[in-house]
Structures are given as structure tokens and as C-alpha cells.
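Asks: Here you go, protein-v3.pdb (PDB, C-alpha atoms):
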```
ATOM      1  CA  MET V   1      98.184 131.458-110.059  1.00  0.00           C
ATOM      2  CA  ASP V   2     100.940 134.067-110.356  1.00  0.00           C
ATOM      3  CA  GLU V   3     103.654 133.763-112.991  1.00  0.00           C
ATOM      4  CA  GLY V   4     106.317 132.641-110.494  1.00  0.00           C
ATOM      5  CA  ASN V   5     104.349 129.571-109.391  1.00  0.00           C
ATOM      6  CA  LYS V   6     102.893 128.772-112.813  1.00  0.00           C
ATOM      7  CA  PRO V   7     104.341 125.480-114.118  1.00  0.00           C
ATOM      8  CA  SER V   8     106.126 125.642-117.458  1.00  0.00           C
ATOM      9  CA  SER V   9     104.659 123.925-120.476  1.00  0.00           C
ATOM     10  CA  LYS V  10     107.512 121.410-120.328  1.00  0.00           C
ATOM     11  CA  GLN V  11     106.674 120.629-116.705  1.00  0.00           C
ATOM     12  CA  LYS V  12     103.019 120.128-117.691  1.00  0.00           C
ATOM     13  CA  PHE V  13     104.099 117.517-120.237  1.00  0.00           C
ATOM     14  CA  VAL V  14     106.393 115.824-117.721  1.00  0.00           C
ATOM     15  CA  ASP V  15     103.619 115.785-115.106  1.00  0.00           C
ATOM     16  CA  ALA V  16     101.193 114.317-117.651  1.00  0.00           C
ATOM     17  CA  TYR V  17     103.638 111.514-118.497  1.00  0.00           C
ATOM     18  CA  ILE V  18     104.295 110.833-114.815  1.00  0.00           C
ATOM     19  CA  ALA V  19     100.545 110.621-114.205  1.00  0.00           C
ATOM     20  CA  LEU V  20     100.230 108.275-117.187  1.00  0.00           C
ATOM     21  CA  VAL V  21     102.973 106.001-115.870  1.00  0.00           C
ATOM     22  CA  ASN V  22     101.514 106.010-112.355  1.00  0.00           C
ATOM     23  CA  LYS V  23      98.178 104.766-113.757  1.00  0.00           C
ATOM     24  CA  ILE V  24      99.847 101.489-114.726  1.00  0.00           C
ATOM     25  CA  SER V  25      98.548  99.029-112.170  1.00  0.00           C
ATOM     26  CA  VAL V  26      99.884  95.703-110.978  1.00  0.00           C
ATOM     27  CA  GLU V  27      96.643  94.051-112.168  1.00  0.00           C
ATOM     28  CA  ARG V  28      97.702  94.678-115.785  1.00  0.00           C
ATOM     29  CA  PHE V  29     100.568  92.270-115.182  1.00  0.00           C
ATOM     30  CA  SER V  30      98.467  89.543-113.547  1.00  0.00           C
ATOM     31  CA  GLU V  31      99.314  87.036-116.285  1.00  0.00           C
ATOM     32  CA  PHE V  32     102.932  87.125-115.088  1.00  0.00           C
ATOM     33  CA  LYS V  33     102.094  86.243-111.452  1.00  0.00           C
ATOM     34  CA  PRO V  34     103.111  82.572-111.870  1.00  0.00           C
ATOM     35  CA  PHE V  35     106.662  83.705-112.657  1.00  0.00           C
ATOM     36  CA  PHE V  36     107.116  85.517-109.331  1.00  0.00           C
ATOM     37  CA  ALA V  37     107.590  84.020-105.881  1.00  0.00           C
ATOM     38  CA  ASN V  38     105.179  86.413-104.205  1.00  0.00           C
ATOM     39  CA  GLU V  39     103.098  89.547-104.728  1.00  0.00           C
ATOM     40  CA  LYS V  40     105.885  91.867-103.511  1.00  0.00           C
ATOM     41  CA  ASP V  41     108.256  90.620-106.216  1.00  0.00           C
ATOM     42  CA  LEU V  42     105.615  91.318-108.877  1.00  0.00           C
ATOM     43  CA  GLU V  43     104.965  94.781-107.435  1.00  0.00           C
ATOM     44  CA  SER V  44     108.705  95.445-107.403  1.00  0.00           C
ATOM     45  CA  ALA V  45     109.014  94.371-111.050  1.00  0.00           C
ATOM     46  CA  VAL V  46     106.053  96.567-112.037  1.00  0.00           C
ATOM     47  CA  GLN V  47     107.578  99.516-110.159  1.00  0.00           C
ATOM     48  CA  THR V  48     110.883  98.925-111.957  1.00  0.00           C
ATOM     49  CA  PHE V  49     108.969  98.910-115.251  1.00  0.00           C
ATOM     50  CA  ARG V  50     107.201 102.164-114.300  1.00  0.00           C
ATOM     51  CA  ASP V  51     110.481 103.812-113.295  1.00  0.00           C
ATOM     52  CA  GLY V  52     112.189 102.765-116.526  1.00  0.00           C
ATOM     53  CA  LEU V  53     109.250 103.886-118.666  1.00  0.00           C
ATOM     54  CA  GLN V  54     109.074 107.205-116.834  1.00  0.00           C
ATOM     55  CA  ASP V  55     112.830 107.775-117.315  1.00  0.00           C
ATOM     56  CA  VAL V  56     112.576 107.022-121.032  1.00  0.00           C
ATOM     57  CA  LEU V  57     109.520 109.244-121.510  1.00  0.00           C
ATOM     58  CA  ILE V  58     111.093 112.147-119.615  1.00  0.00           C
ATOM     59  CA  ALA V  59     114.332 111.711-121.580  1.00  0.00           C
ATOM     60  CA  GLN V  60     112.336 111.879-124.825  1.00  0.00           C
ATOM     61  CA  VAL V  61     110.488 115.014-123.668  1.00  0.00           C
ATOM     62  CA  ASN V  62     113.826 116.619-122.715  1.00  0.00           C
ATOM     63  CA  LYS V  63     115.327 115.665-126.071  1.00  0.00           C
ATOM     64  CA  LEU V  64     112.303 117.077-127.903  1.00  0.00           C
ATOM     65  CA  TRP V  65     112.517 120.287-125.864  1.00  0.00           C
ATOM     66  CA  ASN V  66     116.240 120.637-126.595  1.00  0.00           C
ATOM     67  CA  GLU V  67     115.839 120.037-130.326  1.00  0.00           C
ATOM     68  CA  THR V  68     112.802 122.241-130.952  1.00  0.00           C
ATOM     69  CA  ASP V  69     111.522 125.597-129.803  1.00  0.00           C
ATOM     70  CA  ILE V  70     108.362 124.400-128.065  1.00  0.00           C
ATOM     71  CA  ASP V  71     108.354 127.009-125.283  1.00  0.00           C
ATOM     72  CA  ASN V  72     108.188 129.887-127.776  1.00  0.00           C
ATOM     73  CA  ASN V  73     105.495 128.113-129.780  1.00  0.00           C
ATOM     74  CA  VAL V  74     103.385 127.512-126.661  1.00  0.00           C
ATOM     75  CA  GLU V  75     103.855 131.138-125.589  1.00  0.00           C
ATOM     76  CA  MET V  76     102.790 132.284-129.052  1.00  0.00           C
ATOM     77  CA  LEU V  77      99.693 130.057-128.910  1.00  0.00           C
ATOM     78  CA  GLU V  78      98.805 131.344-125.452  1.00  0.00           C
ATOM     79  CA  MET V  79      99.231 134.936-126.627  1.00  0.00           C
ATOM     80  CA  LEU V  80      97.021 134.285-129.656  1.00  0.00           C
ATOM     81  CA  LYS V  81      94.417 132.619-127.433  1.00  0.00           C
ATOM     82  CA  SER V  82      94.384 135.581-125.071  1.00  0.00           C
ATOM     83  CA  LYS V  83      94.061 138.052-127.961  1.00  0.00           C
ATOM     84  CA  ALA V  84      91.209 136.082-129.489  1.00  0.00           C
ATOM     85  CA  ALA V  85      89.401 135.484-126.178  1.00  0.00           C
ATOM     86  CA  GLY V  86      87.112 138.506-126.479  1.00  0.00           C
ATOM     87  CA  CYS V  87      86.497 138.205-130.200  1.00  0.00           C
ATOM     88  CA  THR V  88      83.432 136.240-131.276  1.00  0.00           C
ATOM     89  CA  LYS V  89      83.350 137.390-134.895  1.00  0.00           C
ATOM     90  CA  LYS V  90      84.923 135.019-137.411  1.00  0.00           C
ATOM     91  CA  VAL V  91      87.758 136.696-139.291  1.00  0.00           C
ATOM     92  CA  TRP V  92      89.849 135.168-142.035  1.00  0.00           C
ATOM     93  CA  ARG V  93      93.032 136.807-140.823  1.00  0.00           C
ATOM     94  CA  PRO V  94      92.420 138.047-137.274  1.00  0.00           C
ATOM     95  CA  THR V  95      95.883 139.573-136.908  1.00  0.00           C
ATOM     96  CA  GLY V  96      95.362 141.963-139.803  1.00  0.00           C
ATOM     97  CA  LYS V  97      98.854 141.152-141.010  1.00  0.00           C
ATOM     98  CA  SER V  98      99.723 140.105-144.527  1.00  0.00           C
ATOM     99  CA  VAL V  99     100.236 136.420-145.247  1.00  0.00           C
ATOM    100  CA  GLY V 100     104.000 136.898-145.462  1.00  0.00           C
ATOM    101  CA  GLU V 101     104.123 138.627-142.080  1.00  0.00           C
ATOM    102  CA  GLN V 102     101.884 136.011-140.532  1.00  0.00           C
ATOM    103  CA  VAL V 103     103.875 132.988-141.666  1.00  0.00           C
ATOM    104  CA  ARG V 104     107.302 134.572-141.120  1.00  0.00           C
ATOM    105  CA  PRO V 105     107.600 133.246-137.519  1.00  0.00           C
ATOM    106  CA  LEU V 106     106.736 129.760-138.759  1.00  0.00           C
ATOM    107  CA  ILE V 107     109.377 129.977-141.471  1.00  0.00           C
ATOM    108  CA  VAL V 108     111.949 131.251-138.977  1.00  0.00           C
ATOM    109  CA  ASN V 109     111.059 128.423-136.596  1.00  0.00           C
ATOM    110  CA  LYS V 110     111.451 125.883-139.399  1.00  0.00           C
ATOM    111  CA  LEU V 111     114.802 127.408-140.282  1.00  0.00           C
ATOM    112  CA  HIS V 112     115.899 127.167-136.634  1.00  0.00           C
ATOM    113  CA  ILE V 113     114.991 123.487-136.582  1.00  0.00           C
ATOM    114  CA  SER V 114     116.810 122.931-139.874  1.00  0.00           C
ATOM    115  CA  LEU V 115     119.838 124.776-138.509  1.00  0.00           C
ATOM    116  CA  LYS V 116     119.910 122.575-135.409  1.00  0.00           C
ATOM    117  CA  PHE V 117     119.620 119.483-137.583  1.00  0.00           C
ATOM    118  CA  TYR V 118     122.456 120.625-139.861  1.00  0.00           C
ATOM    119  CA  GLN V 119     124.607 121.509-136.861  1.00  0.00           C
ATOM    120  CA  TYR V 120     124.026 118.030-135.481  1.00  0.00           C
ATOM    121  CA  GLN V 121     124.879 116.489-138.864  1.00  0.00           C
ATOM    122  CA  LEU V 122     127.961 118.680-139.156  1.00  0.00           C
ATOM    123  CA  GLY V 123     129.111 117.615-135.701  1.00  0.00           C
ATOM    124  CA  PHE V 124     128.601 113.981-136.628  1.00  0.00           C
ATOM    125  CA  GLN V 125     130.511 114.410-139.907  1.00  0.00           C
ATOM    126  CA  LYS V 126     133.307 116.255-138.088  1.00  0.00           C
ATOM    127  CA  GLN V 127     133.631 113.443-135.554  1.00  0.00           C
ATOM    128  CA  ARG V 128     133.622 110.827-138.313  1.00  0.00           C
ATOM    129  CA  THR V 129     136.226 112.796-140.281  1.00  0.00           C
ATOM    130  CA  GLU V 130     138.479 113.077-137.230  1.00  0.00           C
ATOM    131  CA  GLU V 131     138.232 109.327-136.678  1.00  0.00           C
ATOM    132  CA  LEU V 132     139.115 108.668-140.318  1.00  0.00           C
ATOM    133  CA  ILE V 133     142.022 111.131-140.201  1.00  0.00           C
ATOM    134  CA  TYR V 134     143.363 109.341-137.136  1.00  0.00           C
ATOM    135  CA  LYS V 135     143.077 105.971-138.898  1.00  0.00           C
ATOM    136  CA  ILE V 136     144.740 107.335-142.040  1.00  0.00           C
ATOM    137  CA  GLU V 137     147.604 108.884-140.072  1.00  0.00           C
ATOM    138  CA  THR V 138     148.094 105.608-138.182  1.00  0.00           C
ATOM    139  CA  MET V 139     148.166 103.635-141.427  1.00  0.00           C
ATOM    140  CA  ARG V 140     150.587 106.147-142.983  1.00  0.00           C
ATOM    141  CA  ALA V 141     152.921 105.747-140.022  1.00  0.00           C
ATOM    142  CA  LYS V 142     152.746 101.952-140.325  1.00  0.00           C
ATOM    143  CA  TYR V 143     153.353 102.179-144.091  1.00  0.00           C
ATOM    144  CA  LYS V 144     156.323 104.488-143.590  1.00  0.00           C
ATOM    145  CA  ALA V 145     157.780 102.139-140.965  1.00  0.00           C
ATOM    146  CA  MET V 146     157.310  99.204-143.347  1.00  0.00           C
ATOM    147  CA  GLN V 147     159.030 101.135-146.163  1.00  0.00           C
ATOM    148  CA  GLU V 148     161.954 101.967-143.890  1.00  0.00           C
ATOM    149  CA  GLN V 149     162.228  98.356-142.751  1.00  0.00           C
ATOM    150  CA  ARG V 150     162.056  97.213-146.395  1.00  0.00           C
ATOM    151  CA  SER V 151     164.829  99.632-147.365  1.00  0.00           C
ATOM    152  CA  LYS V 152     166.999  98.402-144.510  1.00  0.00           C
ATOM    153  CA  LEU V 153     166.371  94.771-145.413  1.00  0.00           C
ATOM    154  CA  LEU V 154     167.113  95.434-149.110  1.00  0.00           C
ATOM    155  CA  GLN V 155     170.352  97.168-148.113  1.00  0.00           C
ATOM    156  CA  GLN V 156     171.198  94.261-145.834  1.00  0.00           C
ATOM    157  CA  ILE V 157     170.538  91.792-148.664  1.00  0.00           C
ATOM    158  CA  ALA V 158     172.694  93.868-151.029  1.00  0.00           C
ATOM    159  CA  ASN V 159     175.488  93.898-148.438  1.00  0.00           C
ATOM    160  CA  GLU V 160     175.189  90.129-147.969  1.00  0.00           C
ATOM    161  CA  VAL V 161     175.300  89.590-151.749  1.00  0.00           C
ATOM    162  CA  ASP V 162     178.423  91.799-152.003  1.00  0.00           C
ATOM    163  CA  THR V 163     180.039  89.891-149.132  1.00  0.00           C
ATOM    164  CA  PHE V 164     179.094  86.583-150.736  1.00  0.00           C
ATOM    165  CA  GLU V 165     180.542  87.709-154.082  1.00  0.00           C
ATOM    166  CA  SER V 166     183.791  88.841-152.472  1.00  0.00           C
ATOM    167  CA  VAL V 167     184.024  85.528-150.587  1.00  0.00           C
ATOM    168  CA  ARG V 168     183.342  83.631-153.828  1.00  0.00           C
ATOM    169  CA  VAL V 169     186.052  85.577-155.669  1.00  0.00           C
ATOM    170  CA  ARG V 170     188.495  84.934-152.832  1.00  0.00           C
ATOM    171  CA  GLN V 171     187.542  81.244-152.812  1.00  0.00           C
ATOM    172  CA  ARG V 172     188.223  80.985-156.567  1.00  0.00           C
ATOM    173  CA  GLU V 173     191.599  82.637-156.077  1.00  0.00           C
ATOM    174  CA  LEU V 174     192.446  80.166-153.331  1.00  0.00           C
ATOM    175  CA  ASP V 175     191.177  77.255-155.452  1.00  0.00           C
ATOM    176  CA  ASN V 176     193.408  78.414-158.301  1.00  0.00           C
ATOM    177  CA  LEU V 177     196.400  78.646-155.969  1.00  0.00           C
ATOM    178  CA  VAL V 178     195.771  75.182-154.598  1.00  0.00           C
ATOM    179  CA  ASN V 179     195.377  73.763-158.104  1.00  0.00           C
ATOM    180  CA  ARG V 180     198.663  75.371-159.185  1.00  0.00           C
ATOM    181  CA  ASP V 181     200.413  74.018-156.149  1.00  0.00           C
ATOM    182  CA  LEU V 182     199.051  70.569-156.855  1.00  0.00           C
ATOM    183  CA  GLN V 183     200.196  70.685-160.446  1.00  0.00           C
ATOM    184  CA  LEU V 184     203.749  71.469-159.477  1.00  0.00           C
TER     185      LEU V 184
END
```
Could you quickly redo this structure as C-alpha cells?
Replies:
Amino acid sequence: MDEGNKPSSKQKFVDAYIALVNKISVERFSEFKPFFANEKDLESAVQTFRDGLQDVLIAQVNKLWNETDIDNNVEMLEMLKSKAAGCTKKVWRPTGKSVGEQVRPLIVNKLHISLKFYQYQLGFQKQRTEELIYKIETMRAKYKAMQEQRSKLLQQIANEVDTFESVRVRQRELDNLVNRDLQL
């Protein structure tokens, strides 16, 4: 097969899962036959199950492929297999590289995975922080509005008390005048 028509390693996994799902037969669900009106309904339910399972499995493969660097790892394994194909002699370190050089790609790969994880966590924390900031700003606005309303109501009460006091003073003056007039 030439390189253009060669399926990717991801496609091989997807094809394997599709083949796995397609092996699920209606006979495996025979105990549920009494719950269906006819055989076509059971077959339809089994096909719906297969479709759902296939969608979930493919979604998981896609998620795994997006979160890790599987293509590069598979390419590296294939390259190592092709290099070692002609060698029959057992060698402790067939690459001839030092241990540090040999494990460096693994360390870099681990760091890439860690970086993706931390980026995901950072995105989650950023989203959570933005939500909390929005809630805090909303509560601050409500609190400020309540303070303003309280100030207005306190001023209104003070004005009412002043008006009441002035009316009371005027009433006492009028009472005094009436009492004087009655005494005369």
C-alpha cells in the first residue's frame, strides 16, 4: 500500500471499534424479545444501541487523540520496528544513545501531556473566575442600589421628623393661643 492510501493509526482504531460494534448481534438481546411487538422493533432497538455505542466509542477515541500525541508515538514505534527488523542480536540499548538521550522524547511527551492538562485546568479556572466576577459585580450593584435606597429613605424619614416637629411646635403655639383666648 502506498503512503497516500495507508490508513492512519487513528482510523485503524476507529475501524476496529466499528468492527467490534458490528459484531453485536440481535441474538445477544433475545431475553428482551417479550418486550417488543415484533422482531423488527427488536432489531431497530439493537441498531440504535449499536449506533449509540459506536458514537460514544468514536468520541472517546477522538478525545484521546486530541488530548495525547498518539500519532507521533505510533510513528516512533513504527520507525523503531523498521530499524530493528534486520537485527537479530539482542542489544541492551540498540540505539547506541545514552539513557538521557533515549528517554528525552518520553519526558518531552509527558511534559506535553502535562501542559495540555494544565491548559485545560487554567481554562476551567478562568471560566469559573469570570463567572464569580460577574456574580460579585452583580451583588455589588445590588448592594450599592440598596445603600442608595437606604440613604434616600433615611433622608425622607429625617425630613418627615423635621416636618412633624415643626407641625408639633406650631400646634403648641396654637394651643397656647387658644388657651389664652379662653382665659380672657
Asks: As an exercise, work out the distance from atom CA of V:Tyr17 to atom CA of V:Ile58 in Å and give it to one decimal place.
Replies: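 Computing it gives 7.6 Å between the two atoms.
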Asks: What would the selection look like, as a count of residues only, if the PyMOL selection byres ((chain V and resi 18) around 10) were run on the coordinates I just shared?
Replies: 18
Asks: Apply the PyMOL selection byres ((chain V and resi 68) around 9) to the file shown and report the selected residues as a PDB file with C-alpha atoms, in the coordinates of the input.
Replies:
```pdb
ATOM      1  CA  LYS V  63     115.327 115.665-126.071  1.00  0.00           C
ATOM      2  CA  LEU V  64     112.303 117.077-127.903  1.00  0.00           C
ATOM      3  CA  TRP V  65     112.517 120.287-125.864  1.00  0.00           C
ATOM      4  CA  ASN V  66     116.240 120.637-126.595  1.00  0.00           C
ATOM      5  CA  GLU V  67     115.839 120.037-130.326  1.00  0.00           C
ATOM      6  CA  ASP V  69     111.522 125.597-129.803  1.00  0.00           C
ATOM      7  CA  ILE V  70     108.362 124.400-128.065  1.00  0.00           C
ATOM      8  CA  ASP V  71     108.354 127.009-125.283  1.00  0.00           C
ATOM      9  CA  ASN V 109     111.059 128.423-136.596  1.00  0.00           C
ATOM     10  CA  HIS V 112     115.899 127.167-136.634  1.00  0.00           C
ATOM     11  CA  ILE V 113     114.991 123.487-136.582  1.00  0.00           C
ATOM     12  CA  LYS V 116     119.910 122.575-135.409  1.00  0.00           C
TER      13      LYS V 116
END
```
Asks: Can you write out as a tab-separated table which residues of stretch 42-143 of chain V fall within 10 Å of stretch 28-34 of chain V, alongside each residue's closest atom pair and its distance in Å to one decimal, counting all atoms listed in the file and ordering rows by chain and ascending residue number?
Replies:
```
residue	atom	partner	partner_atom	distance
V:Leu42	CA	V:Lys33	CA	6.7
V:Glu43	CA	V:Phe29	CA	9.3
V:Ala45	CA	V:Phe29	CA	9.6
V:Val46	CA	V:Phe29	CA	7.6
```
Asks: What does the file look like for those residues with C-alpha atoms, as a short mmCIF file (atom, residue, chain, number, x, y, z; two decimals), in the frame of the given file?
Replies:
```
data_model
loop_
_atom_site.label_atom_id
_atom_site.label_comp_id
_atom_site.auth_asym_id
_atom_site.auth_seq_id
_atom_site.Cartn_x
_atom_site.Cartn_y
_atom_site.Cartn_z
CA LEU V 42 105.62 91.32 -108.88
CA GLU V 43 104.96 94.78 -107.44
CA ALA V 45 109.01 94.37 -111.05
CA VAL V 46 106.05 96.57 -112.04
#
```
Asks: Starting from 4 Å padding per side, set up an axis-aligned box that covers all listed atoms of stretch 32-51 of chain V and hand over centre and edge lengths in Å, one decimal, as AutoDock Vina command-line options.
Replies:
```
--center_x 106.5 --center_y 93.2 --center_z -109.4 --size_x 16.8 --size_y 29.2 --size_z 19.7
```
Asks: Could you check how far atom CA of V:Thr138 sits from atom CA of V:Gln155, in Å to one decimal?
Replies: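 Straight-line distance from atom CA of V:Thr138 to atom CA of V:Gln155 works out to 25.8 Å.
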Asks: Kindly indicate which residue among V:Pro105, V:Glu137, V:Gly52, V:Leu115 lies nearest to V:Met76, using all atoms listed in the file for the distances.
Replies: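 Answer, going by the shortest atom-to-atom distance: V:Pro105.
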Asks: At what distance in Å, to one decimal, does atom CA of V:Lys10 lie from atom CA of V:Val61?
Replies: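 Interatomic distance here is 7.8 Å.
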Asks: Of the candidates V:Ile136, V:Asn62, V:Val26, V:Thr95, which one gets nearest to V:Leu80 if we count only C-alpha atoms?
Replies: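 Under the stated criterion, the closest residue is V:Thr95.
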Asks: Nearest to V:Asn73: which of V:Leu106, V:Cys87, V:Ala59, V:Ala37 is it, counting all atoms listed in the file?
Replies: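 Among the listed residues, the smallest separation from V:Asn73 belongs to V:Leu106.
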